[in-house]
Amino acid sequence: MESFSLILAIVVVTALAFDFTNGFHDTANAMATTISTGALKPKVAVAMSATLNLVGAFLSVEVANTISKGLVDESGIRPEVIFAALVGAILWNLVTWLVGLPSSSSHALMGGLIGATIASAGTGAVHGDVLVTKVLLPAVAAPIVAGVAAMLATRFSYALSRNSEGKAADKGFRVGQIASAGLVSLAHGTNDAQKTMGIITLALIAGGSIAPDSDPPTWVILSAGMAIAMGTYIGGWRIIRTMGKGLTDLRPQQGFAAQTSAAAVILASSHIGFSLSTTHAVSGSVMGAGLGRKGGVVRWSTATRMFVAWGLTLPAAALVGALAESVTDLGDWGTALVATFLVAASTGIWLLSRRQVVDASNVNELDEPAGVVTTAIAAVTPPPSVALSEGLTATIPSPPVNPAPVVQSGPATPPAAAV
């Protein structure tokens, strides 16, 4: 049984708090498209996702080992460093949740850990080769690969259902979408819950509670799985709205294609130990699905804000982690000061979120205006097809821009004389 110091207990609790924020921050990855297309009711969707997140946490420890054994030099890390890293990750998660941006919880954690480690032990304590090959390259590749796969899968799905009756095809794809959403939830638990496992294991090694190069203990796996499942069940409705309605308007065929593509990318990366961002994979697949449907568009104003958040995640979390480590290095009172700041800032962000509540009742209400690019694309999009009751298909004609004047036959009626 591991021996615990007070600081080690604080680190474990803070890591589980991060895992909780990871859960509600990333619920959108699995269930945003399912909710937006009406395949599942919001509360049912998050309950299903939470259960499968817990199951997925037990499927692998490869990503956890990447964090606990590969990213930083564990021999030079103190528990206070890991605590500072978690502060940076939690605050970034909460800020991006407040504004409804689907940023990467994974990269927030990586950034916080890198910044705190550099502040404590210098740049030499960070393994640059692991950072590049297992964190940065997957961050760039994941949305591209998932997006292209989703675009192709969307086109294939529409081709497959071309001769099917509209309602029957939609119903079939909604069923498939539920299955694919479950697969994404399972993949999310497999990939993201492991990151907290890796952080707690690193803290236990740093605190001398377990031997170096140890795998995560069973209680760590269980607690991390429970924390991310509870966060998922809370439902990060703000980000669900952005992912499901803010990026593009999805139909069941697109939702099925997006989730299946994202799940394949996430599970493959988990198997080989890449610390992949599920947010990047799912966001890329949603945009790919939006572009895969004829006439489909992506709201690039929302996507641009999302890309900016992705680029800022690592450096912003690293900066906060480094500042927090500088304060905790002052002693116990410095650690207490950082902990107090974390609680106060988290409370303040939650109070700000109460000014405009987003929950299960209004998650599908879109308040994102179409951007200039979207409006221009929509203006040249072919008119939609409407299925008639007899099974025929009619095209709604566009009204003429300049209708020709009506020419009356016969003599014109003279105007009445002014009296």
# chains A, B, ... in the order shown; residues from 1 in each chain; ligands from 1
>>> select_by_dssp(residues="range 30-242 of chain A", states="alpha helix (DSSP H)", output="PyMOL selection string")
chain A and resi 30-36+42-56+62-65+79-98+105-121+128-131+137-160+166-206+218-234+237-241
>>> residues_around(residues="Leu247 in chain A", least_positions_apart="3", cutoff="10 Å", atoms="only C-alpha atoms", output="list in words")
Arg241, Thr242, Met243, Gly244, Leu250, Ser283, Val286, Met287, Gly290, Val297, Val298, Arg299, Trp300, Ser301, Thr302, Ala303, Met306, Glu368 and Ala370 of chain A
>>> closest_residue(among="A:Ala263, A:Ala344, A:Ala28, A:Gly334", to="Ala150 in chain A", atoms="only C-alpha atoms")
A:Ala263
>>> atom_distance(atom1="CA of Asp129 in chain A", atom2="CA of Val11 in chain A")
26.8 Å
>>> residues_around(residues="Leu98 in chain A", least_positions_apart="3", cutoff="8 Å", atoms="only C-alpha atoms", output="NGL selection string")
:A and (94-95 or 101 or 238 or 349-350 or 352-353)
>>> write_last_selection(atoms="C-alpha atoms", output="PDB file, in the first residue's frame")
ATOM      1  CA  LEU A  94     -12.809  26.100 -17.475  1.00  0.00           C
ATOM      2  CA  VAL A  95     -12.091  29.246 -19.499  1.00  0.00           C
ATOM      3  CA  LEU A 101     -14.844  26.471 -27.433  1.00  0.00           C
ATOM      4  CA  ARG A 238     -21.931  24.970 -23.989  1.00  0.00           C
ATOM      5  CA  ILE A 349     -15.865  31.190 -13.795  1.00  0.00           C
ATOM      6  CA  TRP A 350     -18.848  29.133 -12.649  1.00  0.00           C
ATOM      7  CA  LEU A 352     -20.031  33.946 -14.809  1.00  0.00           C
ATOM      8  CA  SER A 353     -21.527  30.942 -16.577  1.00  0.00           C
TER       9      SER A 353
END
>>> residues_around(residues="Gly236 in chain A", least_positions_apart="6", cutoff="7 Å", atoms="only C-alpha atoms", output="list in words")
Phe24, His25, Thr27 and Ala28 of chain A
>>> residues_around(residues="Leu204 in chain A", least_positions_apart="2", cutoff="10 Å", atoms="only C-alpha atoms", output="mmCIF file with N, CA, C and O atoms, in the first residue's frame")
data_model
loop_
_atom_site.group_PDB
_atom_site.id
_atom_site.type_symbol
_atom_site.label_atom_id
_atom_site.label_comp_id
_atom_site.auth_asym_id
_atom_site.auth_seq_id
_atom_site.Cartn_x
_atom_site.Cartn_y
_atom_site.Cartn_z
ATOM 1 N N GLU A 2 0.548 2.231 -0.845
ATOM 2 C CA GLU A 2 1.352 3.436 -0.953
ATOM 3 C C GLU A 2 1.243 4.298 0.307
ATOM 4 O O GLU A 2 0.195 4.373 0.934
ATOM 5 N N SER A 3 2.365 4.916 0.667
ATOM 6 C CA SER A 3 2.348 5.876 1.768
ATOM 7 C C SER A 3 2.094 7.255 1.176
ATOM 8 O O SER A 3 2.665 7.615 0.147
ATOM 9 N N PHE A 4 1.229 8.050 1.855
ATOM 10 C CA PHE A 4 0.811 9.332 1.316
ATOM 11 C C PHE A 4 1.266 10.466 2.227
ATOM 12 O O PHE A 4 1.088 10.424 3.442
ATOM 13 N N LEU A 8 0.952 14.952 -1.613
ATOM 14 C CA LEU A 8 0.599 13.904 -2.560
ATOM 15 C C LEU A 8 -0.914 13.704 -2.611
ATOM 16 O O LEU A 8 -1.489 13.518 -3.699
ATOM 17 N N ALA A 9 -1.548 13.769 -1.435
ATOM 18 C CA ALA A 9 -3.015 13.656 -1.410
ATOM 19 C C ALA A 9 -3.657 14.819 -2.155
ATOM 20 O O ALA A 9 -4.638 14.653 -2.891
ATOM 21 N N VAL A 11 -2.358 16.488 -4.638
ATOM 22 C CA VAL A 11 -2.133 16.272 -6.069
ATOM 23 C C VAL A 11 -3.145 15.280 -6.631
ATOM 24 O O VAL A 11 -3.710 15.492 -7.716
ATOM 25 N N VAL A 12 -3.392 14.193 -5.913
ATOM 26 C CA VAL A 12 -4.337 13.176 -6.383
ATOM 27 C C VAL A 12 -5.738 13.773 -6.500
ATOM 28 O O VAL A 12 -6.439 13.572 -7.504
ATOM 29 N N SER A 68 3.434 9.127 -17.859
ATOM 30 C CA SER A 68 4.153 8.866 -16.612
ATOM 31 C C SER A 68 5.594 8.445 -16.837
ATOM 32 O O SER A 68 6.438 8.592 -15.949
ATOM 33 N N ARG A 78 8.898 16.826 -8.668
ATOM 34 C CA ARG A 78 8.313 16.782 -7.321
ATOM 35 C C ARG A 78 6.785 16.826 -7.420
ATOM 36 O O ARG A 78 6.243 17.291 -8.430
ATOM 37 N N PRO A 79 6.073 16.344 -6.414
ATOM 38 C CA PRO A 79 4.611 16.417 -6.449
ATOM 39 C C PRO A 79 4.088 17.830 -6.659
ATOM 40 O O PRO A 79 3.053 18.034 -7.298
ATOM 41 N N GLY A 198 -1.978 8.627 -15.857
ATOM 42 C CA GLY A 198 -0.553 8.861 -16.009
ATOM 43 C C GLY A 198 -0.045 9.947 -15.072
ATOM 44 O O GLY A 198 1.041 9.829 -14.492
ATOM 45 N N ILE A 199 -0.838 11.014 -14.899
ATOM 46 C CA ILE A 199 -0.426 12.106 -14.015
ATOM 47 C C ILE A 199 -0.370 11.630 -12.559
ATOM 48 O O ILE A 199 0.577 11.935 -11.816
ATOM 49 N N ILE A 200 -1.380 10.889 -12.118
ATOM 50 C CA ILE A 200 -1.383 10.394 -10.740
ATOM 51 C C ILE A 200 -0.231 9.412 -10.526
ATOM 52 O O ILE A 200 0.454 9.446 -9.491
ATOM 53 N N THR A 201 0.001 8.549 -11.500
ATOM 54 C CA THR A 201 1.118 7.600 -11.393
ATOM 55 C C THR A 201 2.443 8.337 -11.316
ATOM 56 O O THR A 201 3.333 7.975 -10.528
ATOM 57 N N LEU A 202 2.597 9.405 -12.128
ATOM 58 C CA LEU A 202 3.813 10.213 -12.070
ATOM 59 C C LEU A 202 3.974 10.855 -10.697
ATOM 60 O O LEU A 202 5.083 10.918 -10.156
ATOM 61 N N ALA A 206 6.985 10.340 -8.112
ATOM 62 C CA ALA A 206 7.720 11.501 -7.605
ATOM 63 C C ALA A 206 7.699 11.560 -6.086
ATOM 64 O O ALA A 206 8.676 11.994 -5.457
ATOM 65 N N GLY A 207 6.572 11.114 -5.493
ATOM 66 C CA GLY A 207 6.466 11.125 -4.037
ATOM 67 C C GLY A 207 7.057 9.912 -3.373
ATOM 68 O O GLY A 207 7.015 9.799 -2.137
ATOM 69 N N GLY A 208 7.617 8.986 -4.150
ATOM 70 C CA GLY A 208 8.247 7.797 -3.585
ATOM 71 C C GLY A 208 7.270 6.737 -3.126
ATOM 72 O O GLY A 208 7.656 5.811 -2.406
ATOM 73 N N SER A 209 6.002 6.825 -3.566
ATOM 74 C CA SER A 209 5.007 5.859 -3.119
ATOM 75 C C SER A 209 5.059 4.558 -3.916
ATOM 76 O O SER A 209 4.709 3.499 -3.405
ATOM 77 N N ILE A 210 5.443 4.644 -5.190
ATOM 78 C CA ILE A 210 5.611 3.442 -5.997
ATOM 79 C C ILE A 210 6.931 3.542 -6.740
ATOM 80 O O ILE A 210 7.535 4.613 -6.844
ATOM 81 N N ALA A 211 7.391 2.418 -7.256
ATOM 82 C CA ALA A 211 8.692 2.363 -7.913
ATOM 83 C C ALA A 211 8.635 3.033 -9.284
ATOM 84 O O ALA A 211 7.574 3.071 -9.919
ATOM 85 N N PRO A 212 9.761 3.570 -9.748
ATOM 86 C CA PRO A 212 9.799 4.121 -11.107
ATOM 87 C C PRO A 212 9.433 3.064 -12.146
ATOM 88 O O PRO A 212 9.631 1.867 -11.930
ATOM 89 N N SER A 214 6.552 2.091 -12.956
ATOM 90 C CA SER A 214 5.386 1.282 -12.588
ATOM 91 C C SER A 214 4.192 1.632 -13.472
ATOM 92 O O SER A 214 4.037 2.773 -13.917
ATOM 93 N N PRO A 216 0.016 2.127 -13.826
ATOM 94 C CA PRO A 216 -0.959 2.700 -12.882
ATOM 95 C C PRO A 216 -1.586 1.617 -11.998
ATOM 96 O O PRO A 216 -2.013 0.570 -12.503
ATOM 97 N N PRO A 217 -1.625 1.829 -10.685
ATOM 98 C CA PRO A 217 -2.300 0.873 -9.804
ATOM 99 C C PRO A 217 -3.796 0.787 -10.126
ATOM 100 O O PRO A 217 -4.372 1.704 -10.732
#
>>> closest_residue(among="A:His107, A:Arg355, A:Arg155, A:Lys41", to="Asp192 in chain A", atoms="only C-alpha atoms")
A:His107
>>> closest_residue(among="A:Leu330, A:Leu183, A:Ile239, A:Ala345", to="Ser120 in chain A", atoms="only C-alpha atoms")
A:Leu330
>>> closest_residue(among="A:Thr328, A:Asn191, A:Gln253, A:Thr37", to="Ala153 in chain A", atoms="only C-alpha atoms")
A:Gln253
>>> closest_residue(among="A:Thr154, A:Thr335, A:Ser36, A:Asn29", to="Leu6 in chain A", atoms="only C-alpha atoms")
A:Thr335
>>> residues_around(residues="Ala324 in chain A", least_positions_apart="2", cutoff="9 Å", atoms="only C-alpha atoms", output="MDAnalysis selection string")
chainID A and resid 81 83:85 87:88 116 319:322 326:329 334:335 338
>>> atom_distance(atom1="CA of Asp359 in chain A", atom2="CA of Gln194 in chain A")
27.8 Å
>>> residues_around(residues="Pro138 in chain A", least_positions_apart="3", cutoff="10 Å", atoms="only C-alpha atoms", output="short mmCIF file (atom, residue, chain, number, x, y, z; two decimals) with all heavy atoms, in the first residue's frame")
data_model
loop_
_atom_site.label_atom_id
_atom_site.label_comp_id
_atom_site.auth_asym_id
_atom_site.auth_seq_id
_atom_site.Cartn_x
_atom_site.Cartn_y
_atom_site.Cartn_z
N VAL A 132 7.33 15.74 -29.58
CA VAL A 132 7.07 15.95 -31.01
C VAL A 132 6.32 14.76 -31.61
O VAL A 132 5.29 14.93 -32.28
CB VAL A 132 8.39 16.19 -31.76
CG1 VAL A 132 8.16 16.19 -33.27
CG2 VAL A 132 9.01 17.51 -31.33
N THR A 133 6.82 13.55 -31.36
CA THR A 133 6.27 12.38 -32.06
C THR A 133 4.93 11.91 -31.49
O THR A 133 4.08 11.41 -32.25
CB THR A 133 7.26 11.21 -32.01
OG1 THR A 133 7.55 10.89 -30.63
CG2 THR A 133 8.55 11.56 -32.73
N LYS A 134 4.72 12.08 -30.18
CA LYS A 134 3.51 11.52 -29.58
C LYS A 134 2.50 12.56 -29.11
O LYS A 134 1.42 12.20 -28.65
CB LYS A 134 3.88 10.60 -28.40
CG LYS A 134 4.61 9.34 -28.85
CD LYS A 134 4.49 8.23 -27.86
CE LYS A 134 5.04 6.92 -28.43
NZ LYS A 134 4.81 5.78 -27.52
N VAL A 135 2.85 13.84 -29.23
CA VAL A 135 1.90 14.88 -28.83
C VAL A 135 1.66 15.88 -29.98
O VAL A 135 0.52 16.06 -30.43
CB VAL A 135 2.39 15.63 -27.57
CG1 VAL A 135 1.41 16.75 -27.21
CG2 VAL A 135 2.54 14.67 -26.40
N ALA A 141 -2.01 16.00 -37.18
CA ALA A 141 -2.51 14.98 -38.10
C ALA A 141 -3.94 14.57 -37.80
O ALA A 141 -4.71 14.27 -38.73
CB ALA A 141 -1.60 13.76 -38.05
N ALA A 142 -4.33 14.53 -36.52
CA ALA A 142 -5.63 13.97 -36.13
C ALA A 142 -6.81 14.66 -36.82
O ALA A 142 -7.66 13.98 -37.42
CB ALA A 142 -5.79 14.02 -34.62
N PRO A 143 -6.94 16.00 -36.75
CA PRO A 143 -8.11 16.62 -37.40
C PRO A 143 -8.09 16.47 -38.92
O PRO A 143 -9.15 16.37 -39.54
CB PRO A 143 -8.01 18.09 -36.99
CG PRO A 143 -6.59 18.31 -36.62
CD PRO A 143 -6.11 17.00 -36.06
N ILE A 144 -6.90 16.42 -39.52
CA ILE A 144 -6.83 16.27 -40.97
C ILE A 144 -7.27 14.87 -41.39
O ILE A 144 -8.12 14.70 -42.28
CB ILE A 144 -5.40 16.56 -41.47
CG1 ILE A 144 -5.02 18.02 -41.17
CG2 ILE A 144 -5.28 16.28 -42.96
CD1 ILE A 144 -3.58 18.36 -41.48
N VAL A 145 -6.70 13.86 -40.73
CA VAL A 145 -7.05 12.48 -41.07
C VAL A 145 -8.52 12.22 -40.80
O VAL A 145 -9.24 11.65 -41.63
CB VAL A 145 -6.17 11.50 -40.27
CG1 VAL A 145 -6.64 10.06 -40.48
CG2 VAL A 145 -4.70 11.64 -40.68
N SER A 269 -4.98 5.55 -32.23
CA SER A 269 -3.94 6.30 -31.53
C SER A 269 -3.74 5.78 -30.11
O SER A 269 -2.62 5.74 -29.60
CB SER A 269 -4.29 7.79 -31.50
OG SER A 269 -5.41 8.02 -30.68
N PHE A 274 -0.29 7.17 -28.58
CA PHE A 274 -0.29 8.61 -28.88
C PHE A 274 -1.23 9.32 -27.93
O PHE A 274 -2.36 8.91 -27.72
CB PHE A 274 -0.74 8.87 -30.32
CG PHE A 274 0.29 8.56 -31.36
CD1 PHE A 274 -0.04 8.48 -32.70
CD2 PHE A 274 1.62 8.35 -31.01
CE1 PHE A 274 0.90 8.20 -33.66
CE2 PHE A 274 2.58 8.06 -31.96
CZ PHE A 274 2.22 7.98 -33.30
N SER A 275 -0.73 10.44 -27.35
CA SER A 275 -1.58 11.26 -26.48
C SER A 275 -2.42 12.18 -27.36
O SER A 275 -2.22 13.40 -27.42
CB SER A 275 -0.73 12.07 -25.51
OG SER A 275 -1.57 12.81 -24.63
N LEU A 276 -3.39 11.57 -28.05
CA LEU A 276 -4.19 12.28 -29.04
C LEU A 276 -5.27 13.13 -28.37
O LEU A 276 -5.80 12.77 -27.33
CB LEU A 276 -4.85 11.26 -29.97
CG LEU A 276 -5.76 11.79 -31.06
CD1 LEU A 276 -4.93 12.42 -32.16
CD2 LEU A 276 -6.59 10.64 -31.63
N SER A 277 -5.58 14.25 -29.00
CA SER A 277 -6.71 15.05 -28.55
C SER A 277 -7.98 14.53 -29.21
O SER A 277 -8.13 14.61 -30.43
CB SER A 277 -6.50 16.52 -28.91
OG SER A 277 -7.71 17.23 -28.75
N HIS A 280 -9.67 17.37 -31.13
CA HIS A 280 -9.16 17.63 -32.47
C HIS A 280 -9.73 16.63 -33.47
O HIS A 280 -10.14 17.01 -34.58
CB HIS A 280 -7.63 17.55 -32.48
CG HIS A 280 -6.96 18.68 -31.77
ND1 HIS A 280 -5.59 18.87 -31.77
CD2 HIS A 280 -7.46 19.70 -31.01
CE1 HIS A 280 -5.28 19.94 -31.06
NE2 HIS A 280 -6.41 20.46 -30.59
N ALA A 281 -9.76 15.37 -33.08
CA ALA A 281 -10.25 14.33 -33.99
C ALA A 281 -11.73 14.53 -34.31
O ALA A 281 -12.15 14.48 -35.47
CB ALA A 281 -10.01 12.95 -33.38
#
>>> closest_residue(among="A:Val72, A:His188, A:Thr313, A:His271", to="Thr123 in chain A", atoms="only C-alpha atoms")
A:Val72
>>> atom_distance(atom1="CA of Ala262 in chain A", atom2="CA of Leu91 in chain A")
26.4 Å
